[in-house]
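Asks: Input final-v8.txt, format and content: compact mmCIF, C-alpha atoms and all ligand atoms.
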```txt
# COMPACT_ATOMS: atom_id res chain seq x y z
CA MET A 27 -93.69 41.49 -20.23
CA SER A 28 -95.97 40.42 -23.04
CA ALA A 29 -97.77 37.21 -22.27
CA GLY A 30 -98.67 34.25 -24.37
CA GLY A 31 -99.76 34.57 -27.95
CA SER A 32 -100.68 31.89 -30.36
CA GLY A 33 -98.35 30.32 -32.91
CA ASP A 34 -95.11 28.48 -32.59
CA ARG A 35 -93.41 28.43 -29.25
CA HIS A 36 -90.20 26.55 -29.77
CA PRO A 37 -87.01 28.32 -28.55
CA VAL A 38 -84.79 29.20 -31.52
CA LEU A 39 -81.33 30.83 -31.40
CA ALA A 40 -81.58 34.28 -33.00
CA GLY A 41 -78.40 36.07 -31.92
CA VAL A 42 -75.12 35.63 -30.04
CA GLY A 43 -72.51 37.96 -28.60
CA GLY A 44 -69.33 37.66 -26.53
CA TRP A 45 -67.45 40.34 -24.59
CA LEU A 46 -64.08 40.14 -22.85
CA PRO A 47 -62.32 42.73 -20.69
CA SER A 48 -59.26 44.10 -22.47
CA ARG A 49 -56.75 43.34 -19.70
CA VAL A 50 -54.74 40.22 -20.67
CA VAL A 51 -53.07 38.34 -17.79
CA THR A 52 -50.48 35.76 -18.82
CA ASN A 53 -49.27 32.76 -16.86
CA ASP A 54 -45.98 34.54 -16.37
CA ASP A 55 -47.84 37.52 -14.89
CA LEU A 56 -49.37 35.17 -12.30
CA ALA A 57 -46.08 33.34 -11.70
CA ALA A 58 -44.55 36.69 -10.72
CA HIS A 59 -46.43 36.56 -7.40
CA LEU A 60 -47.60 32.92 -7.08
CA ASP A 61 -45.60 29.70 -6.66
CA THR A 62 -46.48 28.42 -10.13
CA SER A 63 -45.14 28.43 -13.68
CA ASP A 64 -46.28 28.81 -17.26
CA ALA A 65 -45.29 25.18 -17.89
CA TRP A 66 -47.39 23.86 -14.96
CA ILE A 67 -50.47 25.86 -15.90
CA ARG A 68 -50.29 24.99 -19.62
CA SER A 69 -49.67 21.29 -19.06
CA ARG A 70 -52.35 20.82 -16.36
CA THR A 71 -55.08 23.10 -17.74
CA GLY A 72 -54.31 24.21 -21.32
CA ILE A 73 -54.53 27.86 -20.23
CA GLY A 74 -51.96 30.35 -21.57
CA SER A 75 -53.61 33.64 -20.65
CA ARG A 76 -56.93 35.00 -19.46
CA ARG A 77 -58.78 38.31 -19.12
CA PHE A 78 -59.32 40.17 -15.85
CA ALA A 79 -61.87 42.95 -15.43
CA GLU A 80 -60.45 46.28 -14.31
CA PRO A 81 -61.15 47.37 -10.71
CA GLY A 82 -64.65 48.78 -10.39
CA VAL A 83 -66.06 46.66 -13.21
CA SER A 84 -68.82 44.28 -12.13
CA THR A 85 -70.56 41.25 -13.56
CA GLY A 86 -73.52 43.47 -14.43
CA ASP A 87 -71.25 45.69 -16.53
CA LEU A 88 -69.96 42.67 -18.48
CA ALA A 89 -73.51 41.33 -18.85
CA VAL A 90 -74.74 44.61 -20.33
CA ALA A 91 -71.87 44.63 -22.86
CA ALA A 92 -72.46 41.03 -23.99
CA GLY A 93 -76.23 41.41 -23.90
CA ALA A 94 -76.08 44.46 -26.17
CA LEU A 95 -73.99 42.50 -28.68
CA ALA A 96 -76.42 39.56 -28.66
CA LEU A 97 -79.40 41.87 -29.19
CA LYS A 98 -77.59 43.58 -32.07
CA SER A 99 -76.71 40.18 -33.53
CA SER A 100 -80.39 39.18 -33.39
CA GLY A 101 -81.38 42.27 -35.38
CA GLU A 102 -83.84 43.54 -32.75
CA ALA A 103 -83.05 45.51 -29.59
CA GLN A 104 -86.00 43.94 -27.83
CA ALA A 105 -86.60 41.05 -25.43
CA ASP A 106 -89.40 40.47 -22.96
CA ALA A 107 -87.30 38.46 -20.48
CA VAL A 108 -83.67 38.60 -19.32
CA VAL A 109 -82.10 35.55 -17.67
CA LEU A 110 -78.62 36.07 -16.23
CA ALA A 111 -76.56 33.00 -15.34
CA THR A 112 -73.87 33.99 -12.86
CA ALA A 113 -72.11 32.89 -9.68
CA THR A 114 -70.71 36.38 -9.13
CA PRO A 115 -73.74 38.70 -8.97
CA ASP A 116 -73.27 42.42 -8.33
CA HIS A 117 -74.92 42.07 -4.89
CA PRO A 118 -76.17 39.17 -2.72
CA LEU A 119 -79.58 40.81 -3.16
CA PRO A 120 -81.33 41.84 -5.41
CA GLY A 121 -80.57 39.78 -8.48
CA THR A 122 -78.37 41.46 -11.09
CA ALA A 123 -80.63 40.76 -14.10
CA PRO A 124 -83.26 43.49 -13.46
CA GLN A 125 -80.61 46.23 -13.54
CA VAL A 126 -79.03 44.69 -16.63
CA ALA A 127 -82.45 44.71 -18.34
CA GLU A 128 -82.99 48.34 -17.39
CA ARG A 129 -79.54 49.37 -18.64
CA LEU A 130 -80.26 47.63 -21.96
CA GLY A 131 -83.51 49.57 -22.34
CA LEU A 132 -85.62 46.46 -21.78
CA ILE A 133 -87.93 48.35 -19.45
CA GLY A 134 -90.41 46.15 -17.62
CA ALA A 135 -88.97 42.88 -18.93
CA ALA A 136 -89.06 39.86 -16.62
CA ALA A 137 -85.53 39.55 -15.23
CA PHE A 138 -83.89 37.13 -12.83
CA ASP A 139 -80.60 35.37 -12.11
CA VAL A 140 -79.86 31.65 -12.41
CA ALA A 141 -77.32 30.24 -9.94
CA ALA A 142 -75.86 26.98 -11.22
CA VAL A 143 -72.20 28.08 -11.27
CA CYS A 144 -70.38 26.75 -14.36
CA ALA A 145 -73.50 24.90 -15.57
CA GLY A 146 -75.52 28.13 -15.32
CA PHE A 147 -75.71 28.80 -19.04
CA VAL A 148 -77.15 25.36 -19.85
CA TYR A 149 -79.59 25.68 -16.93
CA GLY A 150 -80.41 29.11 -18.36
CA LEU A 151 -81.07 27.63 -21.81
CA ALA A 152 -83.63 25.27 -20.32
CA THR A 153 -85.18 28.09 -18.29
CA ALA A 154 -85.32 30.57 -21.16
CA GLY A 155 -86.63 27.86 -23.48
CA GLY A 156 -89.30 27.04 -20.91
CA LEU A 157 -90.43 30.69 -20.77
CA ILE A 158 -90.92 30.62 -24.54
CA ALA A 159 -92.57 27.19 -24.61
CA ALA A 160 -95.01 28.26 -21.88
CA GLY A 161 -95.98 31.40 -23.80
CA THR A 162 -94.61 33.65 -21.05
CA ALA A 163 -92.09 35.31 -23.39
CA ARG A 164 -91.54 35.53 -27.15
CA ARG A 165 -87.92 36.71 -27.00
CA VAL A 166 -85.50 36.00 -24.16
CA LEU A 167 -82.03 37.46 -23.66
CA LEU A 168 -79.93 34.82 -21.88
CA ILE A 169 -76.58 36.04 -20.57
CA GLY A 170 -73.72 34.18 -18.89
CA ALA A 171 -71.44 36.68 -17.15
CA GLU A 172 -68.79 36.42 -14.45
CA THR A 173 -66.19 38.45 -12.64
CA PHE A 174 -64.66 35.38 -11.02
CA THR A 175 -61.67 37.46 -9.97
CA SER A 176 -64.01 39.01 -7.37
CA ILE A 177 -64.27 35.70 -5.46
CA VAL A 178 -61.03 33.85 -6.26
CA ASN A 179 -58.27 34.06 -3.66
CA PRO A 180 -55.34 35.63 -5.53
CA ARG A 181 -52.98 33.71 -3.20
CA ASP A 182 -54.53 30.29 -3.96
CA ARG A 183 -52.49 28.94 -6.86
CA SER A 184 -54.87 26.01 -7.41
CA THR A 185 -57.77 28.32 -8.42
CA ALA A 186 -56.20 31.70 -9.23
CA VAL A 187 -54.58 30.32 -12.38
CA ILE A 188 -57.82 28.84 -13.74
CA PHE A 189 -60.70 31.27 -13.27
CA ALA A 190 -61.22 34.55 -15.12
CA ASP A 191 -63.72 37.16 -16.25
CA GLY A 192 -65.94 37.46 -19.33
CA ALA A 193 -69.47 37.38 -20.67
CA GLY A 194 -71.46 35.82 -23.48
CA ALA A 195 -75.12 36.08 -24.42
CA VAL A 196 -77.73 34.66 -26.75
CA VAL A 197 -81.18 35.74 -27.85
CA LEU A 198 -83.80 33.02 -28.08
CA ARG A 199 -87.01 33.70 -29.99
CA ALA A 200 -90.23 31.76 -30.38
CA GLY A 201 -90.20 29.68 -33.55
CA ARG A 202 -90.61 26.19 -34.93
CA PRO A 203 -88.81 23.01 -33.80
CA ASP A 204 -87.67 22.22 -37.36
CA GLU A 205 -85.88 25.57 -37.92
CA PRO A 206 -82.09 25.92 -37.80
CA GLY A 207 -81.24 27.19 -34.31
CA ALA A 208 -84.09 25.29 -32.64
CA LEU A 209 -82.94 24.03 -29.25
CA GLY A 210 -82.97 20.30 -28.72
CA PRO A 211 -84.14 18.77 -25.43
CA THR A 212 -81.87 19.76 -22.55
CA ASP A 213 -80.55 17.22 -20.06
CA LEU A 214 -79.99 18.64 -16.55
CA GLY A 215 -78.88 17.08 -13.26
CA SER A 216 -77.42 17.76 -9.83
CA ASP A 217 -75.65 16.11 -6.91
CA GLY A 218 -76.03 18.24 -3.79
CA GLY A 219 -74.30 15.56 -1.71
CA ASN A 220 -71.07 16.88 -3.20
CA HIS A 221 -71.81 20.60 -2.76
CA GLU A 222 -68.68 21.09 -0.65
CA LEU A 223 -66.37 20.26 -3.56
CA ILE A 224 -66.97 23.72 -5.07
CA MET A 225 -68.11 26.51 -2.77
CA VAL A 226 -67.76 29.92 -1.18
CA PRO A 227 -68.24 28.88 2.49
CA GLY A 228 -69.00 32.30 3.99
CA GLY A 229 -71.48 35.09 3.39
CA GLY A 230 -74.68 33.04 3.20
CA SER A 231 -77.34 32.11 5.76
CA ARG A 232 -75.57 28.86 6.72
CA GLN A 233 -72.55 30.70 8.03
CA ARG A 234 -74.47 33.68 9.43
CA SER A 235 -77.05 31.58 11.30
CA SER A 236 -74.28 29.51 12.87
CA GLY A 237 -73.36 32.56 14.95
CA ALA A 238 -69.68 31.95 14.20
CA ASP A 239 -67.63 34.65 12.58
CA PRO A 240 -66.48 33.77 9.07
CA GLY A 241 -62.87 32.65 8.74
CA PRO A 242 -60.47 34.97 6.91
CA GLU A 243 -60.64 32.89 3.71
CA ASP A 244 -64.33 31.96 3.90
CA HIS A 245 -65.50 34.57 1.42
CA PHE A 246 -63.18 33.12 -1.24
CA PHE A 247 -63.99 30.43 -3.78
CA HIS A 248 -62.80 26.95 -2.76
CA MET A 249 -62.49 23.93 -5.04
CA ALA A 250 -61.32 20.36 -4.45
CA GLY A 251 -59.75 20.24 -7.92
CA ARG A 252 -58.90 16.57 -8.24
CA ASP A 253 -62.34 15.34 -7.11
CA VAL A 254 -64.04 17.94 -9.28
CA TYR A 255 -62.01 16.75 -12.26
CA ARG A 256 -63.27 13.18 -11.86
CA HIS A 257 -66.92 14.22 -11.43
CA ALA A 258 -66.67 16.67 -14.34
CA VAL A 259 -65.46 14.00 -16.78
CA GLU A 260 -68.15 11.54 -15.68
CA ARG A 261 -71.06 13.98 -15.68
CA LEU A 262 -70.14 15.82 -18.88
CA THR A 263 -69.95 12.48 -20.65
CA SER A 264 -73.19 11.04 -19.29
CA SER A 265 -75.15 14.28 -19.77
CA SER A 266 -73.87 14.60 -23.34
CA ARG A 267 -74.99 11.06 -24.07
CA ALA A 268 -78.43 11.79 -22.57
CA ALA A 269 -78.87 14.98 -24.62
CA LEU A 270 -77.87 13.12 -27.80
CA ALA A 271 -80.34 10.34 -27.01
CA HIS A 272 -83.16 12.85 -26.34
CA ALA A 273 -82.40 14.55 -29.67
CA GLY A 274 -82.25 11.23 -31.54
CA TRP A 275 -78.66 11.97 -32.61
CA GLN A 276 -75.70 9.60 -32.79
CA VAL A 277 -72.23 10.76 -31.75
CA THR A 278 -71.32 10.66 -35.44
CA ASP A 279 -74.01 13.30 -36.10
CA VAL A 280 -72.14 15.89 -34.00
CA ASP A 281 -70.15 18.37 -36.10
CA ARG A 282 -69.06 20.58 -33.19
CA PHE A 283 -68.79 19.84 -29.47
CA VAL A 284 -68.85 22.96 -27.27
CA PRO A 285 -67.91 21.88 -23.73
CA HIS A 286 -67.69 24.23 -20.77
CA GLN A 287 -64.09 25.44 -20.72
CA ALA A 288 -63.07 24.02 -17.32
CA ASN A 289 -59.78 22.46 -18.27
CA ALA A 290 -58.49 21.37 -21.70
CA LYS A 291 -57.73 17.90 -20.30
CA ILE A 292 -61.34 17.52 -19.12
CA SER A 293 -62.67 18.42 -22.59
CA ALA A 294 -60.25 15.97 -24.23
CA ALA A 295 -61.17 13.17 -21.81
CA VAL A 296 -64.90 13.70 -22.41
CA ALA A 297 -64.45 13.81 -26.19
CA ASP A 298 -62.43 10.63 -26.01
CA ARG A 299 -65.10 8.84 -23.98
CA LEU A 300 -67.81 10.03 -26.36
CA GLY A 301 -65.77 8.96 -29.38
CA LEU A 302 -65.51 12.49 -30.83
CA ASP A 303 -62.45 13.43 -32.91
CA ALA A 304 -60.42 16.33 -31.55
CA ASP A 305 -61.13 18.41 -34.68
CA ARG A 306 -64.81 18.52 -33.75
CA VAL A 307 -64.11 19.87 -30.24
CA LEU A 308 -64.17 23.67 -29.93
CA SER A 309 -62.01 25.44 -27.36
CA ASN A 310 -60.93 28.91 -26.28
CA ILE A 311 -59.54 28.07 -22.84
CA ALA A 312 -55.96 28.84 -23.95
CA GLU A 313 -56.84 32.55 -24.21
CA VAL A 314 -59.72 33.01 -21.74
CA GLY A 315 -59.37 30.42 -18.96
CA ASN A 316 -62.46 29.20 -17.12
CA THR A 317 -65.13 31.91 -17.21
CA SER A 318 -67.78 29.74 -15.50
CA ALA A 319 -71.31 30.58 -16.74
CA ALA A 320 -69.87 32.81 -19.49
CA SER A 321 -67.78 30.01 -20.92
CA ILE A 322 -70.18 28.40 -23.42
CA PRO A 323 -71.86 31.53 -24.84
CA LEU A 324 -68.46 33.22 -25.17
CA LEU A 325 -67.12 30.25 -27.11
CA LEU A 326 -70.26 30.12 -29.27
CA ALA A 327 -69.85 33.82 -30.10
CA GLN A 328 -66.15 33.53 -30.91
CA ALA A 329 -66.57 30.35 -32.98
CA GLY A 330 -69.58 31.83 -34.78
CA ALA A 331 -67.58 34.95 -35.60
CA ASP A 332 -64.40 33.20 -36.78
CA GLY A 333 -66.12 30.49 -38.81
CA ARG A 334 -65.47 27.45 -36.63
CA LEU A 335 -69.27 27.27 -36.37
CA GLN A 336 -71.03 27.28 -39.74
CA PRO A 337 -74.75 27.29 -40.54
CA GLY A 338 -75.97 23.71 -40.55
CA HIS A 339 -73.39 22.41 -38.08
CA ARG A 340 -74.95 20.06 -35.57
CA VAL A 341 -73.77 21.28 -32.17
CA LEU A 342 -73.58 19.53 -28.80
CA LEU A 343 -73.17 21.75 -25.69
CA ALA A 344 -72.27 20.41 -22.24
CA ALA A 345 -71.45 22.03 -18.91
CA PHE A 346 -70.53 21.03 -15.37
CA GLY A 347 -70.20 23.12 -12.24
CA GLY A 348 -70.64 23.70 -8.55
CA GLY A 349 -73.69 22.28 -6.86
CA LEU A 350 -72.75 19.89 -8.27
CA THR A 351 -74.74 20.69 -11.41
CA TRP A 352 -74.49 19.63 -15.03
CA GLY A 353 -76.38 19.78 -18.30
CA ALA A 354 -76.18 19.32 -22.06
CA SER A 355 -78.19 20.27 -25.11
CA THR A 356 -78.12 20.25 -28.90
CA LEU A 357 -78.93 22.59 -31.77
CA VAL A 358 -78.28 23.06 -35.48
CA TRP A 359 -76.26 26.27 -35.91
CA PRO A 360 -78.39 28.92 -37.67
CA ASP A 361 -77.34 31.56 -40.19
CA ILE A 362 -76.65 34.40 -37.73
CA THR A 363 -73.95 37.05 -37.42
CA ALA A 364 -72.07 36.46 -34.17
CA LEU A 365 -70.57 39.58 -32.60
CA THR A 366 -67.53 39.74 -30.30
CA VAL A 367 -65.43 42.38 -28.59
N1 LIG B 1 -48.85 25.67 -9.91
C1 LIG B 1 -48.02 24.72 -9.45
N2 LIG B 1 -48.42 23.69 -8.68
C2 LIG B 1 -49.73 23.64 -8.36
C3 LIG B 1 -50.66 24.60 -8.80
C4 LIG B 1 -50.17 25.65 -9.61
N3 LIG B 1 -50.98 26.62 -10.10
N4 LIG B 1 -51.88 24.27 -8.33
C5 LIG B 1 -51.74 23.15 -7.63
N5 LIG B 1 -50.42 22.76 -7.64
C6 LIG B 1 -49.82 21.61 -7.00
C7 LIG B 1 -50.61 21.14 -5.81
O1 LIG B 1 -50.26 21.88 -4.66
C8 LIG B 1 -50.14 19.71 -5.72
O2 LIG B 1 -48.89 19.66 -5.09
P1 LIG B 1 -48.56 18.46 -4.07
O3 LIG B 1 -48.62 17.21 -4.90
O4 LIG B 1 -47.19 18.83 -3.61
O5 LIG B 1 -49.61 18.52 -3.02
C9 LIG B 1 -49.94 19.31 -7.18
O6 LIG B 1 -49.82 20.54 -7.92
C10 LIG B 1 -51.08 18.52 -7.75
O7 LIG B 1 -52.29 19.18 -7.36
P2 LIG B 1 -53.68 18.71 -7.91
O8 LIG B 1 -54.77 19.63 -7.44
O9 LIG B 1 -53.86 17.26 -7.65
O10 LIG B 1 -53.44 18.98 -9.47
P3 LIG B 1 -54.27 18.47 -10.69
O11 LIG B 1 -53.38 17.83 -11.66
O12 LIG B 1 -55.50 17.75 -10.25
O13 LIG B 1 -54.72 19.84 -11.36
C11 LIG B 1 -56.63 21.28 -11.44
C12 LIG B 1 -55.48 20.79 -10.62
C13 LIG B 1 -56.10 21.95 -12.69
C14 LIG B 1 -57.42 22.29 -10.61
C15 LIG B 1 -57.53 20.10 -11.85
O14 LIG B 1 -57.80 19.30 -10.73
C16 LIG B 1 -58.84 20.52 -12.45
O15 LIG B 1 -58.90 21.04 -13.55
N6 LIG B 1 -59.97 20.26 -11.78
C17 LIG B 1 -61.29 20.53 -12.29
C18 LIG B 1 -61.62 21.98 -12.25
C19 LIG B 1 -62.99 22.17 -12.88
O16 LIG B 1 -63.44 21.42 -13.72
N7 LIG B 1 -63.72 23.16 -12.52
C20 LIG B 1 -65.01 23.32 -13.17
C21 LIG B 1 -66.03 23.43 -12.24
S1 LIG B 1 -65.70 24.80 -11.24
C22 LIG B 1 -67.13 25.67 -11.10
O17 LIG B 1 -68.21 25.19 -11.26
C23 LIG B 1 -67.00 27.08 -10.69
```
Would you put the structure from the file into structure tokens?
Ligand code: ACO

Replies:
Amino acid sequence: MSAGGSGDRHPVLAGVGGWLPSRVVTNDDLAAHLDTSDAWIRSRTGIGSRRFAEPGVSTGDLAVAAGALALKSSGEAQADAVVLATATPDHPLPGTAPQVAERLGLIGAAAFDVAAVCAGFVYGLATAGGLIAAGTARRVLLIGAETFTSIVNPRDRSTAVIFADGAGAVVLRAGRPDEPGALGPTDLGSDGGNHELIMVPGGGSRQRSSGADPGPEDHFFHMAGRDVYRHAVERLTSSSRAALAHAGWQVTDVDRFVPHQANAKISAAVADRLGLDADRVLSNIAEVGNTSAASIPLLLAQAGADGRLQPGHRVLLAAFGGGLTWGASTLVWPDITALTV
């Protein structure tokens, strides 16, 4: 990794890419083997279909695909650090990012994973931005990638209908704070007292050191949906307000709100509390479900590619996830070519 260097060290968005597996799974497909219905899923979550990775495809595979698109979008196949936000790494150890870096030809780049579940991408933005601000890296590839189908219990109707697979990535480069694409200050927070609301109970040192065998469902993802819903609305709203205040923006300054795609009702409730009109709120949950750390970069890539995000748009991002963790940030959308597959 190249170190330091003089000149401007503000993180600036230089490229964005999004990649989805080709396998479309509709609500009716799920209702064929789960006690649920298209009407229930649509009305409670806003989800109509989602993408599932094929057997044998890992988070690292999705991360490489999205990362390659983001590098291409940035115009340079080079980065001196790779940060991978994921809750579904290829292995418990080592991190998935070093192999992703190697597969992308970023030989010797600093590479590590960030584990903040659905808030991972916003935590990753702060981390990647910090690497640039400190002079540790000049260009950082930040990827959010998940194969949530690898941890969701296919028999649990309360989670199996929500979570899905996908990946999105951005390239941040060192630049000036007054350039389009310059990241605003990021608000981050956590509440570990509520860690049990979203968790995979088994497979870690807590369960192993207890000496007890894991239960048959302990390696699956568990979520207390109703409690999570309440916390998500509160934290997404308060973190968004904090990020706007740090940036010196009013709510009326926001052209596009890009919330983590947890549930369409959560996004609508947060927008309502913030006083944002629905036409300024971007969404893709109807077609992709909740892709956790991939959710925001995937939506940025799709909206950049289809014109919902235009150069000069003032953008507010906000995420909430297991931990509990949350975060929000701002930027002015730059003139870049977003790439999606
Ligand atoms: N189909 C039909 N019925 C269902 C389904 C389903 N897929 N899932 C649950 N139900 C039932 C429940 O069993 C329950 O039945 P009961 O009243 O007979 O007990 C009823 O529907 C209501 O269940 P709730 O869980 O209270 O339903 P709710 O309206 O709260 O919706 C949901 C559930 C969609 C999960 C919602 O709570 C939610 O979106 N929560 C937030 C999720 C979130 O934000 N996650 C992001 C963070 S996750 C992360 O970081 C990885």

Asks: Between A:Ser266, A:Ser63, A:Thr351, A:Thr112, which is the closest to A:Ser293 once you count only C-alpha atoms?

Replies: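 Nearest to A:Ser293: A:Ser266.
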
Asks: What residues have an atom no more than 12 Å from (-71.0, 15.3, -19.1) in the file's own frame, counting all atoms listed in the file, and can you write them as number ranges by chain?

Replies: A: 145, 148, 213-216, 255-270, 283-286, 288, 292-300, 342-347, 350-355

Asks: Write a file of the selected residues as a tab-separated table (two decimals), keeping the file's coordinate frame, keeping C-alpha atoms.

Replies:
```tsv
chain	number	residue	atom	x	y	z
A	145	ALA	CA	-73.50	24.90	-15.57
A	148	VAL	CA	-77.15	25.36	-19.85
A	213	ASP	CA	-80.55	17.22	-20.06
A	214	LEU	CA	-79.99	18.64	-16.55
A	215	GLY	CA	-78.88	17.08	-13.26
A	216	SER	CA	-77.42	17.76	-9.83
A	255	TYR	CA	-62.01	16.75	-12.26
A	256	ARG	CA	-63.27	13.18	-11.86
A	257	HIS	CA	-66.92	14.22	-11.43
A	258	ALA	CA	-66.67	16.67	-14.34
A	259	VAL	CA	-65.46	14.00	-16.78
A	260	GLU	CA	-68.15	11.54	-15.68
A	261	ARG	CA	-71.06	13.98	-15.68
A	262	LEU	CA	-70.14	15.82	-18.88
A	263	THR	CA	-69.95	12.48	-20.65
A	264	SER	CA	-73.19	11.04	-19.29
A	265	SER	CA	-75.15	14.28	-19.77
A	266	SER	CA	-73.87	14.60	-23.34
A	267	ARG	CA	-74.99	11.06	-24.07
A	268	ALA	CA	-78.43	11.79	-22.57
A	269	ALA	CA	-78.87	14.98	-24.62
A	270	LEU	CA	-77.87	13.12	-27.80
A	283	PHE	CA	-68.79	19.84	-29.47
A	284	VAL	CA	-68.85	22.96	-27.27
A	285	PRO	CA	-67.91	21.88	-23.73
A	286	HIS	CA	-67.69	24.23	-20.77
A	288	ALA	CA	-63.07	24.02	-17.32
A	292	ILE	CA	-61.34	17.52	-19.12
A	293	SER	CA	-62.67	18.42	-22.59
A	294	ALA	CA	-60.25	15.97	-24.23
A	295	ALA	CA	-61.17	13.17	-21.81
A	296	VAL	CA	-64.90	13.70	-22.41
A	297	ALA	CA	-64.45	13.81	-26.19
A	298	ASP	CA	-62.43	10.63	-26.01
A	299	ARG	CA	-65.10	8.84	-23.98
A	300	LEU	CA	-67.81	10.03	-26.36
A	342	LEU	CA	-73.58	19.53	-28.80
A	343	LEU	CA	-73.17	21.75	-25.69
A	344	ALA	CA	-72.27	20.41	-22.24
A	345	ALA	CA	-71.45	22.03	-18.91
A	346	PHE	CA	-70.53	21.03	-15.37
A	347	GLY	CA	-70.20	23.12	-12.24
A	350	LEU	CA	-72.75	19.89	-8.27
A	351	THR	CA	-74.74	20.69	-11.41
A	352	TRP	CA	-74.49	19.63	-15.03
A	353	GLY	CA	-76.38	19.78	-18.30
A	354	ALA	CA	-76.18	19.32	-22.06
A	355	SER	CA	-78.19	20.27	-25.11
```

Asks: Give me the residues near A:Gly229 as a PyMOL selection string, where near means some atom within 9 Å (using all atoms listed in the file) and where sequence neighbours in that chain fewer than 4 positions away do not count.

Replies: chain A and resi 118+233-234+240+244-245

Asks: Any chance you could export the current selection's C-alpha atoms as an mmCIF file, in the coordinates of the input?

Replies:
```cif
data_model
loop_
_atom_site.group_PDB
_atom_site.id
_atom_site.type_symbol
_atom_site.label_atom_id
_atom_site.label_comp_id
_atom_site.auth_asym_id
_atom_site.auth_seq_id
_atom_site.Cartn_x
_atom_site.Cartn_y
_atom_site.Cartn_z
ATOM 1 C CA PRO A 118 -76.170 39.170 -2.720
ATOM 2 C CA GLN A 233 -72.550 30.700 8.030
ATOM 3 C CA ARG A 234 -74.470 33.680 9.430
ATOM 4 C CA PRO A 240 -66.480 33.770 9.070
ATOM 5 C CA ASP A 244 -64.330 31.960 3.900
ATOM 6 C CA HIS A 245 -65.500 34.570 1.420
#
```

Asks: Counting all atoms listed in the file, which residue out of A:Leu209, A:Val42, A:Ile177, A:Val83 sits closest to ligand LIG 1 (chain B)?

Replies: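 Checking each candidate against ligand LIG 1 (chain B), we get A:Ile177 as the closest.
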
Asks: Ranking A:Ala65, A:Val109, A:Leu151, A:Val126 by minimum distance to A:Gly86 and counting only C-alpha atoms, which one comes first?

Replies: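 Result for the nearest residue to A:Gly86: A:Val126.
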
Asks: Could you give me the centre and size, in Å to one decimal, of an axis-aligned box around all listed atoms of stretch 123-126 of chain A with 6 Å added on every side, as AutoDock Vina command-line options?

Replies:
```
--center_x -81.1 --center_y 43.5 --center_z -15.0 --size_x 16.2 --size_y 17.5 --size_z 15.2
```

Asks: Of the candidates A:Asp361, A:Asp61, A:Glu102, A:Asp332, which one gets nearest to ligand LIG 1 (chain B) if we count all atoms listed in the file?

Replies: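 Ranked by minimum distance to ligand LIG 1 (chain B), first place goes to A:Asp61.
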
Asks: At a cut-off of 12 Å around the point (-53.0, 39.0, -17.4) (file coordinates), what residues fall inside when counting all atoms listed in the file? I'd like the answer as a ChimeraX atom specification.

Replies: /A:47-58,73-80,175,186-191,313-315

Asks: Which of these residues is nearest to ligand LIG 1 (chain B), using all atoms listed in the file: A:Ala91, A:Leu97, A:Ala195, A:Ala113?

Replies: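 Comparing A:Ala91, A:Leu97, A:Ala195, A:Ala113 against ligand LIG 1 (chain B), the winner is A:Ala113.
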
Asks: Within 12 Å of A:Asp204, counting only C-alpha atoms, which residues show up once you throw out same-chain ones fewer than 3 positions away? Write them as a PyMOL selection string, please.

Replies: chain A and resi 34-38+201+207-210+357-358+360

Asks: Name the closest residue to A:Ser100 among the candidates A:Ala123, A:Leu46, A:Val277, A:Ala364; distances are taken between atoms, counting all atoms listed in the file.

Replies: A:Ala364

Asks: Which distance in Å separates atom CA of A:His117 and atom CA of A:Gly228, to one decimal?

Replies: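 About the pair atom CA of A:His117 and atom CA of A:Gly228: they are 14.5 Å apart.
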
Asks: Between atom CA of A:Val307 and atom CA of A:Ala152, what distance in Å does the model show, to one decimal?

Replies: 22.6 Å

Asks: Which polymer residues have any atom within 9 Å of an atom of A:Gly192, counting all atoms listed in the file, with same-chain residues fewer than 5 positions away left out, as a list in words?

Replies: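 Result of the neighbour search: Gly44, Trp45, Leu46, Pro47, Arg77, Phe78, Ala79, Thr85, Leu88, Ala89, Ala92, Gly170, Ala171, Glu172, Thr173, Phe174, Val314, Thr317, Ser318, Ala320, Ser321 and Leu324 of chain A.
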
Asks: Mind giving me the straight-line distance from atom CA of A:Ser84 to atom CA of A:Thr122 in Å, one decimal?

Replies: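 Atom CA of A:Ser84 sits 10.0 Å away from atom CA of A:Thr122.
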
Asks: Could you list, as a PyMOL selection string, every residue within 8 Å of A:Thr366, counting all atoms listed in the file and ignoring same-chain residues fewer than 3 positions away?

Replies: chain A and resi 43-45+95+327-328+331
